[in-house]
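One file, work04.cif, is given below (mmCIF, C-alpha atoms).
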```
data_run
#
loop_
_atom_site.group_PDB
_atom_site.id
_atom_site.type_symbol
_atom_site.label_atom_id
_atom_site.label_comp_id
_atom_site.auth_asym_id
_atom_site.auth_seq_id
_atom_site.Cartn_x
_atom_site.Cartn_y
_atom_site.Cartn_z
ATOM 1 C CA MET A 1 0.000 0.000 0.000
ATOM 2 C CA GLY A 2 3.052 2.201 0.108
ATOM 3 C CA ARG A 3 3.000 5.431 2.029
ATOM 4 C CA ALA A 4 -0.741 5.201 2.669
ATOM 5 C CA LYS A 5 -0.154 2.146 4.854
ATOM 6 C CA GLU A 6 2.559 4.023 6.766
ATOM 7 C CA MET A 7 0.187 6.777 7.972
ATOM 8 C CA LEU A 8 -0.726 5.011 11.187
ATOM 9 C CA GLU A 9 1.008 7.219 13.712
ATOM 10 C CA ALA A 10 -1.847 9.723 13.937
ATOM 11 C CA GLY A 11 -4.125 7.283 15.729
ATOM 12 C CA MET A 12 -6.627 5.919 13.243
ATOM 13 C CA THR A 13 -5.478 2.702 11.605
ATOM 14 C CA PHE A 14 -5.929 1.885 7.951
ATOM 15 C CA GLU A 15 -8.512 -0.728 8.872
ATOM 16 C CA GLU A 16 -10.463 1.838 10.925
ATOM 17 C CA TYR A 17 -10.382 4.186 7.951
ATOM 18 C CA LEU A 18 -11.760 1.384 5.777
ATOM 19 C CA LYS A 19 -14.728 1.124 8.176
ATOM 20 C CA ASP A 20 -15.438 4.805 7.513
ATOM 21 C CA ILE A 21 -15.386 4.504 3.723
ATOM 22 C CA VAL A 22 -16.929 1.073 3.137
ATOM 23 C CA GLU A 23 -20.446 2.522 2.906
ATOM 24 C CA ASN A 24 -19.305 4.632 -0.058
ATOM 25 C CA ILE A 25 -18.065 1.629 -2.055
ATOM 26 C CA TYR A 26 -20.551 0.262 -4.539
ATOM 27 C CA ASP A 27 -18.402 -2.413 -6.179
ATOM 28 C CA SER A 28 -19.234 -5.691 -4.438
ATOM 29 C CA THR A 29 -15.768 -7.171 -5.021
ATOM 30 C CA ILE A 30 -13.996 -4.188 -3.486
ATOM 31 C CA GLU A 31 -16.539 -4.005 -0.678
ATOM 32 C CA GLY A 32 -15.900 -7.675 0.108
ATOM 33 C CA ILE A 33 -12.136 -7.158 0.172
ATOM 34 C CA ILE A 34 -12.567 -4.101 2.416
ATOM 35 C CA LYS A 35 -14.631 -6.160 4.856
ATOM 36 C CA LEU A 36 -11.993 -8.892 4.775
ATOM 37 C CA ALA A 37 -9.254 -6.308 5.435
ATOM 38 C CA ILE A 38 -11.265 -4.915 8.349
ATOM 39 C CA ASP A 39 -11.711 -8.388 9.850
ATOM 40 C CA LYS A 40 -8.316 -9.933 9.075
ATOM 41 C CA GLY A 41 -6.068 -6.895 8.552
ATOM 42 C CA PHE A 42 -4.681 -5.489 5.324
ATOM 43 C CA ASP A 43 -1.388 -7.340 5.749
ATOM 44 C CA ASN A 44 -3.238 -10.671 5.762
ATOM 45 C CA LEU A 45 -4.752 -10.121 2.310
ATOM 46 C CA SER A 46 -3.196 -11.774 -0.701
ATOM 47 C CA GLU A 47 -1.101 -9.604 -3.027
ATOM 48 C CA LYS A 48 -3.935 -9.682 -5.559
ATOM 49 C CA GLN A 49 -6.498 -8.585 -2.945
ATOM 50 C CA GLN A 50 -4.184 -5.785 -1.774
ATOM 51 C CA PHE A 51 -3.754 -4.620 -5.374
ATOM 52 C CA ILE A 52 -7.513 -4.657 -6.040
ATOM 53 C CA LEU A 53 -8.208 -2.840 -2.767
ATOM 54 C CA LYS A 54 -5.530 -0.220 -3.390
ATOM 55 C CA ASN A 55 -6.925 0.559 -6.836
ATOM 56 C CA GLY A 56 -10.536 0.343 -5.706
ATOM 57 C CA ILE A 57 -10.171 2.964 -2.991
ATOM 58 C CA SER A 58 -7.699 5.276 -4.723
ATOM 59 C CA ASP A 59 -10.318 8.054 -4.777
ATOM 60 C CA TYR A 60 -10.410 7.883 -0.960
ATOM 61 C CA ILE A 61 -6.656 8.102 -0.361
ATOM 62 C CA VAL A 62 -4.649 11.314 -0.374
ATOM 63 C CA GLU A 63 -1.125 10.748 0.831
ATOM 64 C CA GLU A 64 -0.133 14.405 1.075
ATOM 65 C CA CYS A 65 -1.644 17.864 0.812
ATOM 66 C CA PRO A 66 -1.386 19.110 -2.766
ATOM 67 C CA ASN A 67 -0.644 22.626 -1.459
ATOM 68 C CA CYS A 68 1.955 22.198 1.271
ATOM 69 C CA GLY A 69 2.986 18.547 0.902
ATOM 70 C CA ILE A 70 2.248 17.590 4.521
ATOM 71 C CA LYS A 71 1.480 13.908 5.075
ATOM 72 C CA ILE A 72 -2.265 13.352 5.579
ATOM 73 C CA ASN A 73 -3.410 11.046 8.379
ATOM 74 C CA TYR A 74 -6.574 8.984 8.159
ATOM 75 C CA GLU A 75 -8.538 11.253 10.500
ATOM 76 C CA ASP A 76 -8.071 14.180 8.106
ATOM 77 C CA MET A 77 -8.301 12.321 4.815
ATOM 78 C CA ASP A 78 -12.002 12.978 4.172
ATOM 79 C CA GLU A 79 -11.635 16.698 4.817
ATOM 80 C CA THR A 80 -8.563 16.875 2.581
ATOM 81 C CA ILE A 81 -10.372 15.071 -0.235
ATOM 82 C CA ASN A 82 -13.422 17.327 0.081
ATOM 83 C CA ASN A 83 -11.473 20.598 0.347
ATOM 84 C CA GLY A 84 -8.554 19.757 -1.909
ATOM 85 C CA ARG A 85 -6.139 20.795 0.856
ATOM 86 C CA CYS A 86 -5.161 19.833 4.404
ATOM 87 C CA TYR A 87 -6.742 21.315 7.524
ATOM 88 C CA ASP A 88 -3.946 23.869 7.968
ATOM 89 C CA CYS A 89 -4.126 25.046 4.348
ATOM 90 C CA GLN A 90 -7.930 25.160 4.529
ATOM 91 C CA SER A 91 -7.784 27.261 7.711
ATOM 92 C CA HIS A 92 -5.268 29.596 6.087
ATOM 93 C CA TRP A 93 -7.468 29.876 2.986
ATOM 94 C CA GLU A 94 -10.545 30.675 5.101
ATOM 95 C CA ARG A 95 -8.630 33.425 6.962
ATOM 96 C CA ILE A 96 -7.582 34.959 3.630
ATOM 97 C CA GLU A 97 -11.161 34.848 2.329
ATOM 98 C CA ALA A 98 -12.436 36.489 5.525
ATOM 99 C CA GLU A 99 -10.083 39.466 5.160
#
```
Would you mind giving the structure from this file in structure tokens?
Amino acid sequence: MGRAKEMLEAGMTFEEYLKDIVENIYDSTIEGIIKLAIDKGFDNLSEKQQFILKNGISDYIVEECPNCGIKINYEDMDETINNGRCYDCQSHWERIEAE
């Protein structure tokens, strides 16, 4: 999974993040692999399952902020995807807009 799998230090694990996004997955194969990863752990999936999962959720993974390059943790991933920037960049942008 590359750097996305390394983003565990912020608290939320990859498997916990999968629980948050599974309801947004409409492909039954990917949904099944997500549920398996949640139950058994990503590292226990076969290489093929890991590959399918990685590609199937690519729209839900942002490894770093496109503005400042900071590494994005799982807790902030949804906000970064929705805003196109990390929390700090979004806050800075909102302050600029308010001026």
Query - d(atom CA of Val22 of chain A, atom CA of Cys68 of chain A) in Å - result: 28.4 Å
Segment 28-38 of chain A, all listed atoms, 6 Å padding on each side: what axis-aligned box centre and edge lengths in Å to one decimal come out, as JSON?
```
{"center_x": -14.2, "center_y": -6.4, "center_z": 1.7, "size_x": 22.0, "size_y": 16.9, "size_z": 25.4}
```
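One finds atom CA of Gly41 of chain A at 20.8 Å from atom CA of Tyr26 of chain A.
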Query raised in the report: Can you tell me how far atom CA of Lys19 of chain A sits from atom CA of Tyr87 of chain A, in Å to one decimal?
Result: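 Atom-to-atom, atom CA of Lys19 of chain A to atom CA of Tyr87 of chain A, that is 21.7 Å.
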Query - Given the PyMOL selection byres ((chain A and resi 59) around 12), the residues it picks as a list in words - result: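 Selection result, ordered by chain and number: Ile21, Asn24, Ile25, Leu53, Lys54, Asn55, Gly56, Ile57, Ser58, Tyr60, Ile61, Val62, Glu63, Met77, Asp78, Thr80, Ile81 and Asn82 of chain A.
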Query raised in the report: How would you write as a PyMOL selection string the residues that get within 10 Å of (-6.1, -1.1, 10.2) in the file's frame, counting only C-alpha atoms?
Result: chain A and resi 5+8+12-19+37-43
Requested in this report: Run through the PyMOL selection byres ((chain A and resi 89) around 12) on the given coordinates and return the selected residues as a list in words.
Outcome: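 This file, filtered by the PyMOL selection byres ((chain A and resi 89) around 12), leaves Glu64, Cys65, Pro66, Asn67, Cys68, Gly69, Ile70, Ile72, Glu79, Thr80, Asn83, Gly84, Arg85, Cys86, Tyr87, Asp88, Gln90, Ser91, His92, Trp93, Glu94, Arg95 and Ile96 of chain A.
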Requested in this report: Check the smallest atom-to-atom distance from each of A:Ala98, A:Tyr74, A:Leu45, A:Gly11 to Gly32 of chain A using only C-alpha atoms, then report the winner.
Outcome: A:Leu45
